[in-house]
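K.L.:
File coords_9.json follows (JSON, C-alpha atoms):
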```
[["chain", "number", "residue", "atom", "x", "y", "z"],
["A", 1, "MET", "CA", 11.97, 25.25, 76.72],
["A", 2, "PRO", "CA", 13.46, 27.70, 74.18],
["A", 3, "VAL", "CA", 16.50, 25.44, 73.83],
["A", 4, "LEU", "CA", 14.30, 22.36, 73.40],
["A", 5, "SER", "CA", 12.15, 24.23, 70.88],
["A", 6, "LYS", "CA", 15.21, 25.15, 68.84],
["A", 7, "LEU", "CA", 16.40, 21.54, 68.83],
["A", 8, "ILE", "CA", 13.01, 20.29, 67.64],
["A", 9, "THR", "CA", 12.86, 22.96, 64.94],
["A", 10, "SER", "CA", 16.38, 22.05, 63.72],
["A", 11, "ALA", "CA", 15.45, 18.37, 63.64],
["A", 12, "LEU", "CA", 12.30, 19.05, 61.65],
["A", 13, "ARG", "CA", 14.25, 21.15, 59.15],
["A", 14, "ALA", "CA", 16.75, 18.31, 58.72],
["A", 15, "LEU", "CA", 14.07, 15.74, 57.90],
["A", 16, "PRO", "CA", 13.59, 16.70, 54.21],
["A", 17, "ALA", "CA", 17.35, 16.60, 53.66],
["A", 18, "LEU", "CA", 17.59, 13.22, 55.37],
["A", 19, "ALA", "CA", 14.68, 11.96, 53.30],
["A", 20, "LEU", "CA", 16.39, 13.19, 50.13],
["A", 21, "MET", "CA", 19.63, 11.50, 51.10],
["A", 22, "GLY", "CA", 17.70, 8.33, 51.82],
["A", 23, "GLY", "CA", 16.04, 8.56, 48.42],
["A", 24, "LEU", "CA", 19.40, 9.08, 46.71],
["A", 25, "SER", "CA", 20.85, 6.10, 48.55],
["A", 26, "ALA", "CA", 17.95, 3.92, 47.43],
["A", 27, "THR", "CA", 18.33, 5.15, 43.85],
["A", 28, "ALA", "CA", 22.06, 4.49, 43.93],
["A", 29, "ALA", "CA", 21.45, 1.00, 45.26],
["A", 30, "GLN", "CA", 18.93, 0.34, 42.48],
["A", 31, "ALA", "CA", 21.41, 1.62, 39.87],
["A", 32, "GLU", "CA", 24.09, -0.71, 41.21],
["A", 33, "THR", "CA", 21.78, -3.71, 41.02],
["A", 34, "ALA", "CA", 20.08, -2.77, 37.71],
["A", 35, "GLU", "CA", 20.53, -5.51, 35.14],
["A", 36, "GLY", "CA", 21.57, -4.67, 31.60],
["A", 37, "TYR", "CA", 20.18, -6.40, 28.52],
["A", 38, "TRP", "CA", 23.22, -8.58, 27.94],
["A", 39, "GLN", "CA", 23.23, -9.73, 31.56],
["A", 40, "GLY", "CA", 19.71, -10.98, 30.87],
["A", 41, "VAL", "CA", 20.99, -12.82, 27.80],
["A", 42, "GLN", "CA", 23.73, -14.37, 29.95],
["A", 43, "LYS", "CA", 21.13, -15.60, 32.43],
["A", 44, "ALA", "CA", 19.11, -17.11, 29.56],
["A", 45, "GLY", "CA", 22.29, -18.77, 28.26],
["A", 46, "VAL", "CA", 21.39, -18.10, 24.61],
["A", 47, "LEU", "CA", 22.04, -15.22, 22.18],
["A", 48, "ARG", "CA", 19.24, -15.26, 19.58],
["A", 49, "CYS", "CA", 20.36, -13.96, 16.18],
["A", 50, "GLY", "CA", 17.74, -13.09, 13.54],
["A", 51, "ALA", "CA", 19.16, -14.30, 10.21],
["A", 52, "ALA", "CA", 17.95, -13.69, 6.66],
["A", 53, "VAL", "CA", 20.07, -15.27, 3.92],
["A", 54, "ALA", "CA", 22.25, -12.96, 1.81],
["A", 55, "PRO", "CA", 25.68, -14.37, 0.85],
["A", 56, "PRO", "CA", 28.40, -13.66, 1.84],
["A", 57, "TYR", "CA", 26.85, -11.91, 4.88],
["A", 58, "VAL", "CA", 24.59, -14.76, 5.99],
["A", 59, "MET", "CA", 24.37, -18.25, 4.47],
["A", 60, "ARG", "CA", 22.43, -21.34, 5.48],
["A", 61, "ASP", "CA", 23.13, -24.92, 4.46],
["A", 62, "PRO", "CA", 19.74, -26.30, 3.33],
["A", 63, "ALA", "CA", 20.80, -29.85, 4.21],
["A", 64, "THR", "CA", 22.06, -29.24, 7.76],
["A", 65, "GLY", "CA", 20.48, -25.88, 8.62],
["A", 66, "GLU", "CA", 23.93, -24.66, 9.71],
["A", 67, "TYR", "CA", 24.62, -20.94, 9.34],
["A", 68, "SER", "CA", 27.80, -19.39, 7.99],
["A", 69, "GLY", "CA", 28.89, -16.11, 6.43],
["A", 70, "PHE", "CA", 30.82, -13.34, 8.10],
["A", 71, "PHE", "CA", 27.90, -11.80, 10.00],
["A", 72, "ALA", "CA", 26.92, -15.23, 11.28],
["A", 73, "ASP", "CA", 30.53, -15.67, 12.40],
["A", 74, "LEU", "CA", 30.42, -12.31, 14.20],
["A", 75, "CYS", "CA", 27.25, -13.41, 15.99],
["A", 76, "LYS", "CA", 29.00, -16.60, 17.13],
["A", 77, "GLU", "CA", 31.99, -14.60, 18.36],
["A", 78, "PHE", "CA", 29.81, -12.12, 20.26],
["A", 79, "ALA", "CA", 28.10, -15.10, 21.91],
["A", 80, "GLU", "CA", 31.56, -16.29, 22.99],
["A", 81, "VAL", "CA", 32.19, -12.88, 24.59],
["A", 82, "LEU", "CA", 28.94, -13.24, 26.53],
["A", 83, "LYS", "CA", 29.78, -16.90, 27.29],
["A", 84, "VAL", "CA", 26.46, -18.11, 25.91],
["A", 85, "LYS", "CA", 25.31, -20.31, 23.05],
["A", 86, "PRO", "CA", 24.42, -18.66, 19.70],
["A", 87, "GLU", "CA", 20.99, -19.55, 18.32],
["A", 88, "PHE", "CA", 20.03, -18.54, 14.78],
["A", 89, "VAL", "CA", 16.40, -17.72, 14.10],
["A", 90, "ASP", "CA", 15.48, -18.05, 10.43],
["A", 91, "THR", "CA", 13.62, -15.05, 9.01],
["A", 92, "THR", "CA", 13.12, -13.06, 5.81],
["A", 93, "TRP", "CA", 14.19, -9.54, 4.85],
["A", 94, "ASP", "CA", 10.54, -8.49, 5.01],
["A", 95, "ASN", "CA", 10.39, -9.51, 8.69],
["A", 96, "ILE", "CA", 13.91, -8.99, 10.03],
["A", 97, "VAL", "CA", 13.08, -5.60, 11.59],
["A", 98, "ALA", "CA", 9.58, -6.52, 12.79],
["A", 99, "GLY", "CA", 10.87, -9.68, 14.45],
["A", 100, "LEU", "CA", 13.46, -7.69, 16.37],
["A", 101, "GLN", "CA", 10.78, -5.21, 17.46],
["A", 102, "ALA", "CA", 8.62, -8.11, 18.66],
["A", 103, "GLY", "CA", 11.46, -9.54, 20.74],
["A", 104, "LYS", "CA", 11.75, -12.75, 18.72],
["A", 105, "TRP", "CA", 15.54, -12.42, 18.77],
["A", 106, "ASP", "CA", 18.20, -10.29, 20.45],
["A", 107, "LEU", "CA", 19.90, -8.84, 17.38],
["A", 108, "SER", "CA", 19.42, -8.84, 13.62],
["A", 109, "LEU", "CA", 22.30, -9.74, 11.32],
["A", 110, "ALA", "CA", 23.63, -7.60, 8.47],
["A", 111, "LEU", "CA", 21.16, -4.72, 8.57],
["A", 112, "ASN", "CA", 21.79, -1.67, 6.42],
["A", 113, "ARG", "CA", 21.72, 1.49, 8.51],
["A", 114, "THR", "CA", 18.87, 3.62, 7.14],
["A", 115, "PRO", "CA", 16.88, 6.47, 8.72],
["A", 116, "ALA", "CA", 13.61, 4.57, 8.29],
["A", 117, "ARG", "CA", 14.96, 1.53, 10.14],
["A", 118, "ALA", "CA", 16.56, 3.72, 12.81],
["A", 119, "MET", "CA", 13.09, 4.91, 13.81],
["A", 120, "ALA", "CA", 12.17, 1.31, 14.62],
["A", 121, "VAL", "CA", 15.41, -0.24, 15.93],
["A", 122, "GLN", "CA", 18.89, 0.78, 17.03],
["A", 123, "PHE", "CA", 22.15, 0.00, 15.24],
["A", 124, "SER", "CA", 25.67, -0.92, 16.23],
["A", 125, "ILE", "CA", 28.55, 0.77, 14.47],
["A", 126, "PRO", "CA", 29.01, -0.62, 10.93],
["A", 127, "ALA", "CA", 31.05, -3.77, 10.46],
["A", 128, "MET", "CA", 31.55, -2.73, 6.83],
["A", 129, "GLU", "CA", 30.41, -0.26, 4.19],
["A", 130, "TYR", "CA", 28.53, -1.29, 1.08],
["A", 131, "GLN", "CA", 26.93, 0.05, -2.06],
["A", 132, "ILE", "CA", 24.30, -1.27, -4.44],
["A", 133, "SER", "CA", 25.29, -2.55, -7.88],
["A", 134, "LEU", "CA", 23.43, -3.84, -10.93],
["A", 135, "ALA", "CA", 24.40, -7.23, -12.41],
["A", 136, "TYR", "CA", 23.22, -8.38, -15.84],
["A", 137, "ASN", "CA", 23.91, -10.44, -18.94],
["A", 138, "LYS", "CA", 26.32, -8.44, -21.13],
["A", 139, "ASN", "CA", 24.58, -9.87, -24.22],
["A", 140, "ASN", "CA", 21.16, -8.53, -23.18],
["A", 141, "PRO", "CA", 20.05, -6.14, -25.95],
["A", 142, "LYS", "CA", 17.86, -4.20, -23.50],
["A", 143, "ILE", "CA", 20.93, -2.92, -21.64],
["A", 144, "ALA", "CA", 22.82, -0.35, -23.67],
["A", 145, "ALA", "CA", 26.60, -0.63, -23.92],
["A", 146, "GLY", "CA", 28.19, 1.89, -21.61],
["A", 147, "ALA", "CA", 25.22, 2.05, -19.24],
["A", 148, "ALA", "CA", 26.51, 3.77, -16.10],
["A", 149, "SER", "CA", 23.55, 5.22, -14.22],
["A", 150, "VAL", "CA", 20.12, 4.12, -13.03],
["A", 151, "ALA", "CA", 18.64, 6.50, -15.63],
["A", 152, "ASP", "CA", 20.40, 4.51, -18.38],
["A", 153, "ILE", "CA", 18.50, 1.33, -17.47],
["A", 154, "ASP", "CA", 15.23, 2.87, -16.24],
["A", 155, "LYS", "CA", 13.25, 2.00, -19.36],
["A", 156, "ALA", "CA", 9.93, 0.32, -20.06],
["A", 157, "GLY", "CA", 10.42, -3.39, -20.67],
["A", 158, "VAL", "CA", 13.44, -3.68, -18.35],
["A", 159, "THR", "CA", 12.81, -5.89, -15.28],
["A", 160, "LEU", "CA", 14.89, -5.56, -12.14],
["A", 161, "ALA", "CA", 15.03, -8.49, -9.69],
["A", 162, "VAL", "CA", 15.53, -7.63, -6.01],
["A", 163, "MET", "CA", 15.00, -9.33, -2.64],
["A", 164, "SER", "CA", 11.77, -8.05, -1.15],
["A", 165, "GLY", "CA", 12.06, -5.87, 1.95],
["A", 166, "THR", "CA", 15.80, -5.23, 1.65],
["A", 167, "ALA", "CA", 17.56, -1.86, 1.57],
["A", 168, "GLN", "CA", 18.18, -2.61, -2.11],
["A", 169, "ASP", "CA", 14.42, -2.93, -2.66],
["A", 170, "LYS", "CA", 13.76, 0.43, -1.00],
["A", 171, "ALA", "CA", 16.53, 2.18, -2.93],
["A", 172, "ILE", "CA", 15.71, 0.89, -6.43],
["A", 173, "SER", "CA", 11.95, 1.30, -5.94],
["A", 174, "ALA", "CA", 12.47, 4.98, -5.13],
["A", 175, "ALA", "CA", 14.87, 5.52, -8.05],
["A", 176, "VAL", "CA", 13.04, 4.02, -11.05],
["A", 177, "LYS", "CA", 9.94, 5.31, -12.81],
["A", 178, "ASN", "CA", 9.70, 3.20, -15.96],
["A", 179, "ALA", "CA", 11.41, -0.15, -15.32],
["A", 180, "THR", "CA", 9.55, -2.98, -13.56],
["A", 181, "VAL", "CA", 10.72, -4.06, -10.10],
["A", 182, "MET", "CA", 10.36, -7.81, -9.55],
["A", 183, "ARG", "CA", 10.38, -8.46, -5.79],
["A", 184, "LEU", "CA", 11.31, -12.01, -4.81],
["A", 185, "PRO", "CA", 11.64, -13.62, -1.37],
["A", 186, "GLY", "CA", 15.28, -14.68, -1.36],
["A", 187, "ASN", "CA", 18.78, -14.69, -2.77],
["A", 188, "ASP", "CA", 18.35, -17.83, -4.88],
["A", 189, "GLU", "CA", 15.10, -16.64, -6.48],
["A", 190, "THR", "CA", 16.58, -13.32, -7.63],
["A", 191, "ARG", "CA", 19.57, -15.00, -9.24],
["A", 192, "LEU", "CA", 17.45, -17.63, -10.92],
["A", 193, "ALA", "CA", 15.26, -14.86, -12.36],
["A", 194, "VAL", "CA", 18.29, -13.34, -14.12],
["A", 195, "THR", "CA", 19.86, -16.61, -15.26],
["A", 196, "SER", "CA", 16.51, -17.77, -16.66],
["A", 197, "LYS", "CA", 16.04, -14.33, -18.32],
["A", 198, "ARG", "CA", 12.77, -13.60, -16.52],
["A", 199, "ALA", "CA", 14.56, -10.52, -15.19],
["A", 200, "ASP", "CA", 17.12, -8.34, -16.93],
["A", 201, "MET", "CA", 19.12, -7.11, -13.96],
["A", 202, "LEU", "CA", 19.96, -8.16, -10.42],
["A", 203, "VAL", "CA", 19.90, -5.36, -7.84],
["A", 204, "ASP", "CA", 22.01, -6.26, -4.81],
["A", 205, "ALA", "CA", 24.99, -5.33, -2.67],
["A", 206, "SER", "CA", 28.12, -4.85, -4.77],
["A", 207, "ASP", "CA", 30.09, -7.61, -3.03],
["A", 208, "THR", "CA", 27.18, -10.03, -3.35],
["A", 209, "ASN", "CA", 26.83, -9.23, -7.04],
["A", 210, "GLN", "CA", 30.57, -9.71, -7.43],
["A", 211, "LEU", "CA", 30.08, -13.29, -6.30],
["A", 212, "PHE", "CA", 27.36, -13.67, -8.93],
["A", 213, "THR", "CA", 29.56, -12.34, -11.75],
["A", 214, "GLN", "CA", 32.54, -14.44, -10.65],
["A", 215, "SER", "CA", 30.33, -17.53, -10.67],
["A", 216, "ASN", "CA", 29.13, -16.69, -14.21],
["A", 217, "PRO", "CA", 32.21, -15.15, -15.87],
["A", 218, "ASP", "CA", 31.14, -15.95, -19.46],
["A", 219, "TRP", "CA", 28.20, -13.58, -19.48],
["A", 220, "ALA", "CA", 27.61, -11.76, -16.19],
["A", 221, "VAL", "CA", 28.88, -8.23, -15.55],
["A", 222, "ALA", "CA", 28.01, -5.58, -12.96],
["A", 223, "ILE", "CA", 28.09, -1.82, -12.67],
["A", 224, "ASN", "CA", 28.21, 0.44, -9.63],
["A", 225, "PRO", "CA", 25.85, 3.18, -10.83],
["A", 226, "THR", "CA", 26.95, 6.81, -10.87],
["A", 227, "PRO", "CA", 25.63, 8.63, -8.94],
["A", 228, "ALA", "CA", 25.53, 5.88, -6.31],
["A", 229, "LEU", "CA", 22.16, 4.26, -5.73],
["A", 230, "ALA", "CA", 23.03, 3.82, -2.06],
["A", 231, "LYS", "CA", 26.09, 3.71, 0.18],
["A", 232, "GLN", "CA", 25.38, 2.58, 3.71],
["A", 233, "GLY", "CA", 26.96, 0.89, 6.69],
["A", 234, "VAL", "CA", 26.05, -2.72, 7.43],
["A", 235, "ALA", "CA", 25.60, -3.39, 11.14],
["A", 236, "PHE", "CA", 23.85, -5.38, 13.85],
["A", 237, "GLY", "CA", 20.25, -4.32, 14.38],
["A", 238, "LEU", "CA", 19.51, -3.93, 18.10],
["A", 239, "PRO", "CA", 16.30, -3.56, 20.14],
["A", 240, "HIS", "CA", 14.99, 0.01, 20.17],
["A", 241, "ASN", "CA", 14.85, 0.19, 23.97],
["A", 242, "LEU", "CA", 18.45, -0.91, 24.51],
["A", 243, "SER", "CA", 20.38, 1.42, 26.83],
["A", 244, "ALA", "CA", 23.40, 3.38, 25.60],
["A", 245, "ALA", "CA", 25.59, 1.21, 27.84],
["A", 246, "ASP", "CA", 24.25, -1.97, 26.21],
["A", 247, "VAL", "CA", 24.77, -0.59, 22.70],
["A", 248, "GLU", "CA", 28.33, 0.32, 23.68],
["A", 249, "VAL", "CA", 29.04, -3.32, 24.54],
["A", 250, "VAL", "CA", 28.36, -4.32, 20.92],
["A", 251, "ASP", "CA", 30.18, -1.28, 19.52],
["A", 252, "ILE", "CA", 33.35, -2.02, 21.51],
["A", 253, "PHE", "CA", 33.21, -5.65, 20.34],
["A", 254, "LEU", "CA", 32.94, -4.56, 16.68],
["A", 255, "GLU", "CA", 35.52, -1.76, 16.94],
["A", 256, "GLU", "CA", 38.24, -4.25, 17.77],
["A", 257, "LYS", "CA", 37.16, -6.76, 15.12],
["A", 258, "VAL", "CA", 37.22, -4.05, 12.43],
["A", 259, "ALA", "CA", 40.43, -2.34, 13.61],
["A", 260, "THR", "CA", 42.44, -5.56, 13.75],
["A", 261, "GLY", "CA", 41.39, -6.62, 10.24],
["A", 262, "HIS", "CA", 39.48, -9.61, 11.60],
["A", 263, "VAL", "CA", 36.26, -8.62, 9.81],
["A", 264, "ASP", "CA", 38.18, -8.45, 6.50],
["A", 265, "GLU", "CA", 39.46, -11.97, 7.17],
["A", 266, "LEU", "CA", 35.93, -13.22, 7.85],
["A", 267, "ILE", "CA", 34.66, -11.58, 4.64],
["A", 268, "LYS", "CA", 37.43, -13.20, 2.57],
["A", 269, "LYS", "CA", 36.67, -16.60, 4.09],
["A", 270, "ALA", "CA", 32.93, -16.22, 3.37],
["A", 271, "VAL", "CA", 33.58, -15.16, -0.23],
["A", 272, "ASP", "CA", 35.91, -18.12, -0.77],
["A", 273, "ASP", "CA", 33.30, -20.48, 0.67],
["A", 274, "VAL", "CA", 30.64, -19.15, -1.71],
["A", 275, "LEU", "CA", 32.90, -19.45, -4.74],
["A", 276, "LYS", "CA", 33.94, -22.99, -3.80],
["A", 277, "GLY", "CA", 30.28, -23.96, -3.47],
["A", 278, "ALA", "CA", 29.53, -22.53, -6.91],
["A", 279, "LYS", "CA", 32.09, -24.76, -8.61]]
```
In structure tokens, how does this file's structure come out?

P.N.:
Amino acid sequence: MPVLSKLITSALRALPALALMGGLSATAAQAETAEGYWQGVQKAGVLRCGAAVAPPYVMRDPATGEYSGFFADLCKEFAEVLKVKPEFVDTTWDNIVAGLQAGKWDLSLALNRTPARAMAVQFSIPAMEYQISLAYNKNNPKIAAGAASVADIDKAGVTLAVMSGTAQDKAISAAVKNATVMRLPGNDETRLAVTSKRADMLVDASDTNQLFTQSNPDWAVAINPTPALAKQGVAFGLPHNLSAADVEVVDIFLEEKVATGHVDELIKKAVDDVLKGAK
């Protein structure tokens, strides 16, 4: 009996350990079979890309609905990596973060990395760096010769056109006290406001404004204000609940594209396409 008692006692003591090992085995099995976000996209067969127009980042042919621009190209190439079809979901800059939060698409194109946005969504590493510039008619008497800072143009009677909901909107709205900010829904509307002289200045990304000045060389000029109005990375916006492993998939994809100079090639192609279309 004492021997039997000892065996029973030893067996009972081993039960918690066996249960723990069983639990660990089950957990390990679950981890092995857990499906990542991009595996779900592969099963669906479609990568949904939220796209708001902002040349040369994202462009849309109004006649065909076809998307181009270097961020649209990156979306297509990431879809190729996943072996799925890219699908562009048209949106506005006011809704590009909210739509991602609501699960209307899998990633947002050409989002500026800001702390406010980072509280709502995640970001990939930047595909490029950008800063905000101010484009205007050099013959406009409201803009003083030699203007170099936001303070130089922050005067009553000066109207600044900007796309509503963009990082540019947030930055200029926080920086000016006297000038009027004219918020418009899209890229075409802001440019028309300046060419028609309803607005005095165009607030946009420096490379986008460079396209505007190159398209209107007789009168359009641009300044990169000092101190800088904003300098931020431009990246893919990703769902807030994405795992670190899923974010890394996008980061590794972009790291190679940036390091090999491929992103620079896509940017040059997009810029050339815009300038050809303007002629």

K.L.:
Extract, using all atoms listed in the file, all DNA, RNA and protein residues at most 12 Å from Gly45 in chain A, discarding same-chain residues fewer than 6 positions from it, and format them as a JSON list (two decimals) with C-alpha atoms, keeping the file's coordinate frame.

P.N.:
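The result, stored in result-v7.json:
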```json
[["chain", "number", "residue", "atom", "x", "y", "z"],
["A", 38, "TRP", "CA", 23.22, -8.58, 27.94],
["A", 39, "GLN", "CA", 23.23, -9.73, 31.56],
["A", 79, "ALA", "CA", 28.10, -15.10, 21.91],
["A", 80, "GLU", "CA", 31.56, -16.29, 22.99],
["A", 82, "LEU", "CA", 28.94, -13.24, 26.53],
["A", 83, "LYS", "CA", 29.78, -16.90, 27.29],
["A", 84, "VAL", "CA", 26.46, -18.11, 25.91],
["A", 85, "LYS", "CA", 25.31, -20.31, 23.05],
["A", 86, "PRO", "CA", 24.42, -18.66, 19.70],
["A", 87, "GLU", "CA", 20.99, -19.55, 18.32]]
```

K.L.:
Need the shell around range 108-121 of chain A: protein/DNA/RNA residues with any atom at most 8 Å away, counting only C-alpha atoms. Skip same-chain ones fewer than 2 positions apart. Format as a PyMOL selection string?

P.N.:
chain A and resi 49-52+57-58+71-72+75+96-97+100-101+105-106+123+126+167+232-240

K.L.:
Given the choices A:Gly157, A:Ala199, A:Asp207, A:Ser243, which gets closest to Lys268 in chain A if the distance is worked out from only C-alpha atoms?

P.N.:
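Going through A:Gly157, A:Ala199, A:Asp207, A:Ser243 one by one, the smallest distance to Lys268 in chain A is for A:Asp207.
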
K.L.:
Can you measure CA of Gln131 in chain A to CA of Leu202 in chain A for me? One decimal in Å is fine.

P.N.:
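So the answer is 13.6 Å.
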
K.L.:
Show which residues sit within 7 Å of Ala161 in chain A, as a PDB file with C-alpha atoms, in the coordinates of the input. Count all atoms listed in the file, and ignore same-chain residues fewer than 2 positions away.

P.N.:
```pdb
ATOM      1  CA  THR A 159      12.810  -5.890 -15.280  1.00  0.00           C
ATOM      2  CA  VAL A 181      10.720  -4.060 -10.100  1.00  0.00           C
ATOM      3  CA  MET A 182      10.360  -7.810  -9.550  1.00  0.00           C
ATOM      4  CA  ARG A 183      10.380  -8.460  -5.790  1.00  0.00           C
ATOM      5  CA  THR A 190      16.580 -13.320  -7.630  1.00  0.00           C
ATOM      6  CA  ALA A 193      15.260 -14.860 -12.360  1.00  0.00           C
ATOM      7  CA  ALA A 199      14.560 -10.520 -15.190  1.00  0.00           C
ATOM      8  CA  MET A 201      19.120  -7.110 -13.960  1.00  0.00           C
ATOM      9  CA  LEU A 202      19.960  -8.160 -10.420  1.00  0.00           C
ATOM     10  CA  VAL A 203      19.900  -5.360  -7.840  1.00  0.00           C
TER      11      VAL A 203
END
```

K.L.:
Measuring atom to atom with all atoms listed in the file, identify which of A:Val53, A:Ala230, A:Val81, A:Val41 is nearest to Gln168 in chain A.

P.N.:
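Among A:Val53, A:Ala230, A:Val81, A:Val41, it is A:Ala230 that comes nearest to Gln168 in chain A.
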
K.L.:
Quick one: of A:Val89, A:Ala54, A:Ala175, A:Val221, who's nearest to Leu134 in chain A, counting all atoms listed in the file?

P.N.:
A:Val221

K.L.:
Of the residues A:Pro185, A:Tyr67, A:Ile172, A:Lys197, which is the one nearest to Lys142 in chain A, using only C-alpha atoms?

P.N.:
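Comparing A:Pro185, A:Tyr67, A:Ile172, A:Lys197 against Lys142 in chain A, the winner is A:Lys197.
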
K.L.:
One decimal, Å: what's the distance from CA of Val271 in chain A over to CA of Phe70 in chain A, could you say?

P.N.:
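The value is 9.0 Å.
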
K.L.:
Excluding Val263 in chain A and residues on its chain fewer than 6 positions from it, collect all residues at most 10 Å away from it, counting all atoms listed in the file, and give them as a PyMOL selection string.

P.N.:
chain A and resi 70-71+73-74+127-128+254-257+269

K.L.:
Got a sec to check which residues sit within 6 Å of (22.1, 4.3, -8.2), counting only C-alpha atoms, and write them as a list in words?

P.N.:
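Output of the proximity query reads Val150, Pro225, Pro227, Ala228 and Leu229 of chain A.
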
K.L.:
Using only C-alpha atoms, which residues sit within 12 Å of Ala222 in chain A once same-chain residues fewer than 2 positions away are excluded, as a PyMOL selection string?

P.N.:
chain A and resi 132-138+143+146-149+200-214+216-217+219-220+224-225

K.L.:
Please compute the CA of Tyr37 in chain A-CA of His262 in chain A distance, one decimal, in Å.

P.N.:
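One can read the CA of Tyr37 in chain A to CA of His262 in chain A distance as 25.9 Å.
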
K.L.:
Which residue is closest to Arg60 in chain A? Choose from A:Leu160, A:Thr91, A:Thr226, A:Ala171 and count only C-alpha atoms.

P.N.:
A:Thr91

K.L.:
Given all atoms listed in the file as the basis, pick out the residue of A:Val46, A:Ser196, A:Ala245, A:Asp90 nearest to Gly65 in chain A.

P.N.:
A:Asp90

K.L.:
Scan for residues within 12 Å of the point (26.7, -24.6, 3.5) in the coordinates of the file, using all atoms listed in the file, and reply as a list in words.

P.N.:
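Taken together, the residues in range are Val53, Pro55, Pro56, Val58, Met59, Arg60, Asp61, Pro62, Ala63, Thr64, Gly65, Glu66, Tyr67, Ser68, Gly69, Ala270, Asp273, Val274, Leu275, Lys276, Gly277 and Ala278 of chain A.
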